[in-house]
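Peer 1: Sending over a structure as structure tokens; questions will come in a sec.
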Amino acid sequence: MQEYTDKIRQIARRLLEEGTVDMVIGFRKGSMPMMNEPCMVRRPQDVDQLVWDSNCGINLANYLTNRKEKIGVVAKGCDSRNIVTHIIENKIDRDQLHIIGVPCGAMIDKRKIASLVEGEITDVTETEEGKVIVKGEGFEKSFDKAEVLQENCAICIHRNPVVHDEMVAEPVEEQTDVDRYADIREIEAMSDAERKAFFDDLYKECIRCYACRNACPLCYCPTCFVDESRPQWVGKGQNENDIRTFHFLRAYHCAGRCTDCGACERACPVGIKVRMLTKKLEKDCKELFDWEAGISLENRPPLDAYRPDDPDEFIK
Amino acid sequence: MSAPARQLDARKGDIVENPYLPYPVRIDDIITETEDKNLKTFRFVFINPEDEEKFAYMPGQFAELSVTGKGEIPIGIASSPTEKGFIKFTINKVGLVSSYLHSMKVGDVMGVRGPLGNSYPWETLEGKNVVIIGGGFAFTTLRSSIIYMLENRDQFGKIHVIYGARTPGMLLYDQELKAWEARDDMNMHITVDGTDDPNWKYNVGFVPTITEQKAPPADEDTYAIICGPPIMIKFTQPVLDNLGYGHDRIIMSLENRMKCGIGMCGRCNIGKDFVCKDGPVFTLAQLNTMPKEY
Amino acid sequence: MTFVKIDRKEWAEGVSALKKGYQVFGPVKEGPGKEEKDHEFRKLSGDQMPEMDYINTRLSPKAAIYPQSEVMFTYTTDERKDDHHILKEPKRDETPKAVIGIRPCDALSFLLVKKNFDTPEYKDPFWLRAYDATTFVGYGCDAPCSSCFCTSAGSGPFDEKGLDVLLADHEEGYLAKVLTEKGKALMEKAGWTSAIDAGGAEKVFGEKAAASQGKFESQISTDKLAQISSMDLYDAPFWEDIAFSCINCGTCTYLCPTCWCFDIQDECRGCDGVRMRNWDSCMSSLFTLHGSGHNPRGDKVSRVRQRFMHKLKYYVDKYGEGIQCVGCGRCVRKCPVNIDIRKVCEMMNQYDPEAQNECACPTT
């Protein structure tokens with residue numbers, strides 16, 4: 001990972017020195033284990049803040065929305081796909097961006113790791129051999145990185161950036177033969193009552209902090225429907241129907257646009273598996289339209305376009 | 001025992017007044033004030049007559065108008081405490097509650113919660129000259145103040161009022177303005193930004209310009225109260241500076257989004273002060289030391 | 001001062017006994033994710049026991065007094081009814097509450113929040129009634145976590161402020177220090193009455209507190225906050241950098257024991273309506289949006305600045321009794337983008353407007 005970090009700093013320094021960009025958006029080391037903080041660097045002498053490791057799970061496309069500067073942005077596979085979506089949806093101009101592509105080695109899941117040890121984790125490091133070393137008061141444990149990946153990363157098939165101006169390393173090998181939708185098929189197979197129980201349980205801890213929405217690069221509406229007062233679509237209290245309405249509608253708004261970057265789930269303070277809905281819609285888009293979001297600058301998302309040869313299965 | 005133990009409940013049962021509970025009122029009269037029909041003055045009568053006494057207010061204070069099913073909005077009190085038997089509010093149609101209010105009828109029941117906030121500094125203003133400068137629909141608590149001062153005329157020195165709107169049809173309290181203009185115990189300067197009415201016999205010009213021409217020069221005993229849109233305030237302030245008004249002699253009333261109106265819900269603060277409770281009236285000298293979060 | 005020894009058996013029996021006179025809140029492990037290991041304060045049902053094997057809960061216990069969503073008034077809009085459009089307070093469960101196992105940092109938070117809801121001019125009846133009806137049974141911390149900083153935020157692992165009883169782990173059960181009359185009444189209700197020698201017990205508490213104090217890794221400095229001018233801090237150059245990563249979610253404010261801001265909303269089902277209040281967050285742009293569309297805190301930098309200025313400067317200036325933070329560390333642990341109040345506090349406390357420090361970046 002140090003290699004990536006060095007290269008990112010080197011590129012950022014060059015871009016800022018040459019004046020190619022006004023700022024570089026990347027990550028800096030966080031103050032907590034397994035946390036990095038998105039940051040912006042404006043001066044060449046500050047590029048040494050920038051780091052790369054397996055804790056860069058926040059989607060940096062979220063920080064580009066409606067910005068006016070020329071920006072160098074560090075982008076792993078999913079960030080790059082959301083950058084594509086941002087460009088298609090006119091949230092940023094391709095010309096404003098210098099995309100520093102990162103072939104992604106997948107992010108680790110801080111919750112999963114926390115669940116595998118007893119006691120507070122004080123330090124987590126990775127070895128070049130793909131081990132994750134977890135230390136705390138009176139313990140040290142080593143895991144294969146593959147065991148402790150964020151769920152979306154474990155099933156990711158676009159680890160390399162789909163668009164970039166330069167890369168920090170050679171592309172990594174993409175995963176093939178991944179079953180992306182095993183969990184979704186399980187939900188699909190449930191009876192109505194089971195499914196209702198599943199979703200009741202899924203959202204029961206929601207505190208409506210909207211971290212999922214706000215961490216999502218797709219959720220850039222100036223006023224989210226849950227915040228509208230005229231008309232007021234959704235109640236503002238802790239009524240379970242209102243909470244579900246928020247999650248369901250948000251997921252639909254992301255249909256055909258979601259890249260399964262996992263930022264929503266990572267941001268949730270109470271551990272809700274927010275991706276259970278977005279992934280169902282991703283699966284539908286794949287099956288109905290053979291569509292994957294953010295792969296090409298040429299095509300608009302399927303729910304945002306009409307073609308005479310659309311199968312239209314869903315309205316027949 | 002050294003621990004600062006929590007006081008046992010001396011207060012229990014003591015919280016008689018629920019500050020969130022509005023007084024029920026009935027709409028007694030509705031007047032459409034402006035030609036764009038966006039401003040209406042509502043006159044309310046308390047359903048429980050004893051509530052009128054509890055609602056003792058001074059000009060510059062506001063109240064939360066409560067419409068069940070819609071919510072509450074903070075509105076400056078346009079009537080004067082010298083007017084008995086009713087309270088008045090002039091409401092601009094902007095959001096959810098105010099739009100609904102505009103559709104309500106005489107006889108409808110709603111609520112009023114207050115009075116809230118400080119008022120203009122009437123103790124300080126006693127015996128002083130007062131220059132009132134208002135623009136557009138931000139003239140409501142100024143109306144209250146003018147009526148109040150005229151009812152207590154001997155307690156004040158010279159009274160100047162400069163009030164402007166875009167057009168004659170956008171002036172609030174049309175009839176009262178004209179009556180004040182005719183009085184000789186105050187100087188009323190009505191102005192409009194422009195008009196094609198050949199019979200318009202008052203001023204034409206923006207409020208800052210008219211202020212420059214008509215406001216008295218500053219002295220220790222003269223205070224200016226300004227209420228109006230941000231643009232008016234922005235251009236009037238230098239005029240008052242040129243006239244020599246000290247910033248502690250310039251009094252302003254602010255608006256911010258509010259909910260509770262009693263300094264608890266947290267949203268209307270400017271620095272450590274709440275517009276709803278510590279304001280809405282501040283001197284410019286105070287505002288100079290506060291963030292511009294209004 | 002009374003000290004009482006509670007063994008395992010008495011503990012279980014006592015908690016059950018309390019449920020006959022109190023609504024008992026305690027930490028329990030609940031949550032959607034199998035992997036989520038945090039505890040929450042919940043009202044304990046039937047045979048549920050507080051699960052005391054925890055460092056601190058995910059959300060603060062503030063909801064026991066101040067629910068996230070609370071009905072203030074009810075009304076009918078049915079004009080055929082005599083009392084149409086008249087607000088009424090609904091009947092509430094006035095059974096006293098006992099919050100068992102609250103950490104000293106969180107107990108202090110109620111005293112801080114009380115300053116907001118109990119003022120000379122106005123009393124918030126909803127908050128105050130719930131607070132007055134509650135007995136707080138604290139639980140001293142033997143093992144603070146690395147992001148806890150209560151010792152430099154006006155509290156400490158065995159601090160007694162805001163508590164009626166303080167428990168300490170001892171041998172196979174607990175030692176209880178009974179601090180108030182309310183605490184005494186609760187102890188009696190629970191049947192926890194085996195008083196023990198005060199001298200010896202005081203020594204145990206003292207030793208445990210000292211041992212725990214020594215384990216704190218993290219602290220903040222707040223000594224200069226009162227002296228720096230509010231406007232200088234407001235205009236400080238570091239806010240853009242601090243705010244950059246913020247996604248303006250409400251996580252920090254909802255988890256915080258000392259965040260008290262709320263929204264008031266009317267909602268109707270048919271003719272039956274409620275006026276309710278819900279936790280609100282200064283992170284939301286809606287919080288301050290005017291009807292005209294103007295927003296005095298319309299950008300994220302101003303909202304992030306508001307949160308930290310409120311906790312670390314406005315509150316300090318308003319009450320002169322320290323910061324509006326008890327050092328529980330929840331926001332540090334749960335911020336999705338790792339904005340760390342300890343770092344922000346350091347930058348604010350160290351800020352010297354005269355120094356003209358060209359670099360606005362924090363040293364990382």
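Identifiers for the structure tokens are assigned positionally: chains receive A, B, ... in sequence, residues are indexed from 1 per chain, and ligands are indexed from 1 in the order shown.
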Quick one: everything within 8 Å of Tyr203 of chain A, counting only C-alpha atoms, minus sequence neighbours fewer than 3 positions away in the same chain. Send it as a list in words.

Peer 2: Phe199, Asp200, Cys206, Ile243, Arg244 and Ile272 of chain A; Pro32 of chain C

Peer 1: Please identify all polymer residues within 9 Å of segment 186-189 of chain A, counting only C-alpha atoms, omitting same-chain residues fewer than 3 positions from it, and present them as number ranges by chain.

Peer 2: A: 181-183, 194-195, 198, 276, 280

Peer 1: May I have the selected residues written with C-alpha atoms, as an mmCIF file, in the first residue's frame?

Peer 2:
data_model
loop_
_atom_site.group_PDB
_atom_site.id
_atom_site.type_symbol
_atom_site.label_atom_id
_atom_site.label_comp_id
_atom_site.auth_asym_id
_atom_site.auth_seq_id
_atom_site.Cartn_x
_atom_site.Cartn_y
_atom_site.Cartn_z
ATOM 1 C CA TYR A 181 -26.871 -11.776 -5.794
ATOM 2 C CA ALA A 182 -27.012 -14.856 -3.562
ATOM 3 C CA ASP A 183 -28.434 -12.859 -0.636
ATOM 4 C CA GLU A 194 -41.209 -13.422 5.832
ATOM 5 C CA ARG A 195 -40.067 -10.591 3.662
ATOM 6 C CA PHE A 198 -37.055 -9.270 7.250
ATOM 7 C CA MET A 276 -30.104 -5.097 0.564
ATOM 8 C CA LYS A 280 -32.067 -5.832 -5.528
#

Peer 1: Where in segment 134-302 of chain A does DSSP assign strand (DSSP E), given as a PyMOL selection string?

Peer 2: chain A and resi 134-136+139-144+166-167

Peer 1: Can you tell me, as an MDAnalysis selection string, what residues are no more than 7 Å from segment 24-33 of chain B when counting only C-alpha atoms, ignoring any on the same chain fewer than 2 positions away?

Peer 2: (chainID B and resid 22 37 39:47 106:112 172:173) or (chainID C and resid 86)

Peer 1: Name the residues in contact with segment 128-134 of chain C at a cut-off of 6 Å, using only C-alpha atoms, excluding same-chain residues fewer than 2 positions from it; report them as an NGL selection string.

Peer 2: :C and (65 or 96-98 or 125-126)

Peer 1: When you look at segment 92-108 of chain A with a cut-off of 7 Å (counting only C-alpha atoms), what residues show up, excluding the ones that are within fewer than 3 positions of it in the same chain? I need them as a PyMOL selection string.

Peer 2: chain A and resi 54-57+64-67+69-77+86-87+148-150+153+159-161+164-169+171-172

Peer 1: Could you work out how far atom CA of Glu228 of chain A lies from atom CA of Tyr75 of chain C, giving the answer in Å with one decimal?

Peer 2: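 Result for atom CA of Tyr75 of chain C versus atom CA of Glu228 of chain A: 23.6 Å, one decimal.
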
Peer 1: Between chain B and chain A, at 10 Å or less, what are the per-residue closest atom pairs and their distances in Å? Count only C-alpha atoms, order by chain and rising residue number, and return it as a Markdown table.

Peer 2:
| residue | atom | partner | partner_atom | distance |
| --- | --- | --- | --- | --- |
| B:Lys70 | CA | A:Ser229 | CA | 9.8 |
| B:Gly95 | CA | A:Arg230 | CA | 8.2 |
| B:Leu96 | CA | A:Arg230 | CA | 6.5 |

Peer 1: Counting only C-alpha atoms, which residues from chain C have an atom at most 6 Å from any atom of chain B, and could you show them as a ChimeraX atom specification?

Peer 2: /C:85,116,162,261-262,266-268,288,290-291,296,314

Peer 1: What lies within 9 Å of Trp52 of chain A using only C-alpha atoms, ignoring chain neighbours under 5 positions off, as a list in words?

Peer 2: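 Once the adjacent positions are removed, what remains is Met1, Gln2, Glu3, Tyr4, Thr5, Asp6, Ile8, Gly26, Phe27, Arg28, Lys29 and Asn36 of chain A.
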
Peer 1: Would you please extract all helix (DSSP H, G or I) residues from segment 6-232 of chain B, as assigned by DSSP on the backbone, and give them as a ChimeraX atom specification?

Peer 2: /B:50-54,96-102,122-125,140-151,153-155,168-170,174-182,207-214,230-232

Peer 1: I'd like the contact shell of Val24 of chain C - 9 Å cut-off, only C-alpha atoms, skipping same-chain residues fewer than 6 positions apart - returned as a list in words.

Peer 2: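 Everything that qualifies: Val15, Leu18, Arg42, Lys43, Leu44, Ser45, Pro96, Lys97, Ala98, Val99 and Ile100 of chain C.
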
Peer 1: Filtering to N, CA and C atoms, could you give me those residues as a PDB file, in the first residue's frame?

Peer 2:
ATOM      1  N   VAL C  15     -33.293  -5.903  40.403  1.00  0.00           N
ATOM      2  CA  VAL C  15     -33.738  -5.320  39.126  1.00  0.00           C
ATOM      3  C   VAL C  15     -35.195  -5.718  38.879  1.00  0.00           C
ATOM      4  N   LEU C  18     -37.413  -3.657  41.028  1.00  0.00           N
ATOM      5  CA  LEU C  18     -37.514  -2.269  40.555  1.00  0.00           C
ATOM      6  C   LEU C  18     -38.582  -2.125  39.485  1.00  0.00           C
ATOM      7  N   ARG C  42     -32.294   0.594  26.591  1.00  0.00           N
ATOM      8  CA  ARG C  42     -33.686   0.322  26.228  1.00  0.00           C
ATOM      9  C   ARG C  42     -34.479   0.129  27.509  1.00  0.00           C
ATOM     10  N   LYS C  43     -35.762   0.321  27.384  1.00  0.00           N
ATOM     11  CA  LYS C  43     -36.634   0.003  28.505  1.00  0.00           C
ATOM     12  C   LYS C  43     -36.669  -1.512  28.637  1.00  0.00           C
ATOM     13  N   LEU C  44     -36.336  -2.003  29.807  1.00  0.00           N
ATOM     14  CA  LEU C  44     -36.217  -3.446  29.978  1.00  0.00           C
ATOM     15  C   LEU C  44     -37.595  -4.063  30.147  1.00  0.00           C
ATOM     16  N   SER C  45     -37.827  -5.122  29.391  1.00  0.00           N
ATOM     17  CA  SER C  45     -39.125  -5.777  29.474  1.00  0.00           C
ATOM     18  C   SER C  45     -39.049  -6.896  30.501  1.00  0.00           C
ATOM     19  N   PRO C  96     -42.321   6.438  37.626  1.00  0.00           N
ATOM     20  CA  PRO C  96     -40.935   6.886  37.687  1.00  0.00           C
ATOM     21  C   PRO C  96     -40.025   6.017  36.819  1.00  0.00           C
ATOM     22  N   LYS C  97     -38.921   6.613  36.395  1.00  0.00           N
ATOM     23  CA  LYS C  97     -37.971   5.859  35.577  1.00  0.00           C
ATOM     24  C   LYS C  97     -36.686   5.636  36.365  1.00  0.00           C
ATOM     25  N   ALA C  98     -36.059   4.513  36.079  1.00  0.00           N
ATOM     26  CA  ALA C  98     -34.722   4.278  36.627  1.00  0.00           C
ATOM     27  C   ALA C  98     -33.815   3.936  35.463  1.00  0.00           C
ATOM     28  N   VAL C  99     -32.733   4.678  35.326  1.00  0.00           N
ATOM     29  CA  VAL C  99     -31.752   4.361  34.291  1.00  0.00           C
ATOM     30  C   VAL C  99     -30.591   3.675  34.994  1.00  0.00           C
ATOM     31  N   ILE C 100     -30.427   2.398  34.680  1.00  0.00           N
ATOM     32  CA  ILE C 100     -29.455   1.569  35.393  1.00  0.00           C
ATOM     33  C   ILE C 100     -28.203   1.386  34.538  1.00  0.00           C
TER      34      ILE C 100
END

Peer 1: Taking only C-alpha atoms into account, which residues of chain C are within 8 Å of chain A, as JSON, numbers by chain?

Peer 2: {"C": [31, 32, 33, 35, 36, 37, 58, 68, 69, 145, 146, 241, 244, 245, 247, 248, 249, 250, 251, 254, 265, 267, 276, 277, 278, 286, 332, 333, 334, 335, 336, 337, 338, 339, 340, 364]}

Peer 1: Restricting it to C-alpha atoms, dump the selection as a PDB file, in the first residue's frame.

Peer 2:
ATOM      1  CA  GLY C  31     -29.438  -4.443  16.728  1.00  0.00           C
ATOM      2  CA  PRO C  32     -30.052  -5.513  13.195  1.00  0.00           C
ATOM      3  CA  GLY C  33     -26.563  -6.578  12.250  1.00  0.00           C
ATOM      4  CA  GLU C  35     -21.912  -8.192  13.672  1.00  0.00           C
ATOM      5  CA  GLU C  36     -22.943  -5.044  15.453  1.00  0.00           C
ATOM      6  CA  LYS C  37     -21.559  -5.252  18.935  1.00  0.00           C
ATOM      7  CA  ARG C  58     -23.973   3.222  20.781  1.00  0.00           C
ATOM      8  CA  GLN C  68     -36.197  10.939  19.474  1.00  0.00           C
ATOM      9  CA  SER C  69     -39.832  11.494  18.644  1.00  0.00           C
ATOM     10  CA  CYS C 145     -11.756   3.039  25.661  1.00  0.00           C
ATOM     11  CA  SER C 146      -9.035   4.842  23.791  1.00  0.00           C
ATOM     12  CA  ASP C 241     -10.396  21.956   6.154  1.00  0.00           C
ATOM     13  CA  PHE C 244     -14.326  19.206   3.981  1.00  0.00           C
ATOM     14  CA  SER C 245     -14.977  15.557   4.702  1.00  0.00           C
ATOM     15  CA  ILE C 247     -21.261  14.648   4.743  1.00  0.00           C
ATOM     16  CA  ASN C 248     -23.692  16.606   6.932  1.00  0.00           C
ATOM     17  CA  CYS C 249     -25.429  13.540   8.261  1.00  0.00           C
ATOM     18  CA  GLY C 250     -26.858  13.788  11.736  1.00  0.00           C
ATOM     19  CA  THR C 251     -24.901  10.917  13.249  1.00  0.00           C
ATOM     20  CA  TYR C 254     -28.083  12.035  17.292  1.00  0.00           C
ATOM     21  CA  GLN C 265     -43.937  19.040  13.441  1.00  0.00           C
ATOM     22  CA  GLU C 267     -48.889  15.309  11.608  1.00  0.00           C
ATOM     23  CA  MET C 276     -44.690  16.280  17.966  1.00  0.00           C
ATOM     24  CA  ARG C 277     -41.104  17.091  18.477  1.00  0.00           C
ATOM     25  CA  ASN C 278     -38.255  15.194  16.918  1.00  0.00           C
ATOM     26  CA  LEU C 286     -33.220  22.597   6.617  1.00  0.00           C
ATOM     27  CA  VAL C 332     -15.346  10.214  17.392  1.00  0.00           C
ATOM     28  CA  ARG C 333     -16.106   6.523  17.102  1.00  0.00           C
ATOM     29  CA  LYS C 334     -19.131   6.766  14.850  1.00  0.00           C
ATOM     30  CA  CYS C 335     -18.477   9.657  12.476  1.00  0.00           C
ATOM     31  CA  PRO C 336     -18.570   8.032   9.036  1.00  0.00           C
ATOM     32  CA  VAL C 337     -15.717  10.244   7.841  1.00  0.00           C
ATOM     33  CA  ASN C 338     -13.704  10.445  11.050  1.00  0.00           C
ATOM     34  CA  ILE C 339     -14.129  14.075  12.006  1.00  0.00           C
ATOM     35  CA  ASP C 340     -12.654  14.133  15.494  1.00  0.00           C
ATOM     36  CA  THR C 364      -1.820  14.775  10.928  1.00  0.00           C
TER      37      THR C 364
END

Peer 1: Please, what distance in Å, to one decimal, runs between atom CA of Ser229 of chain C and atom CA of Met348 of chain C?

Peer 2: 10.8 Å

Peer 1: Atom CA of Gly156 of chain C to atom CA of Val113 of chain C: how many Å, to one decimal?

Peer 2: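 Answer for the atom CA of Gly156 of chain C to atom CA of Val113 of chain C separation: 17.9 Å.
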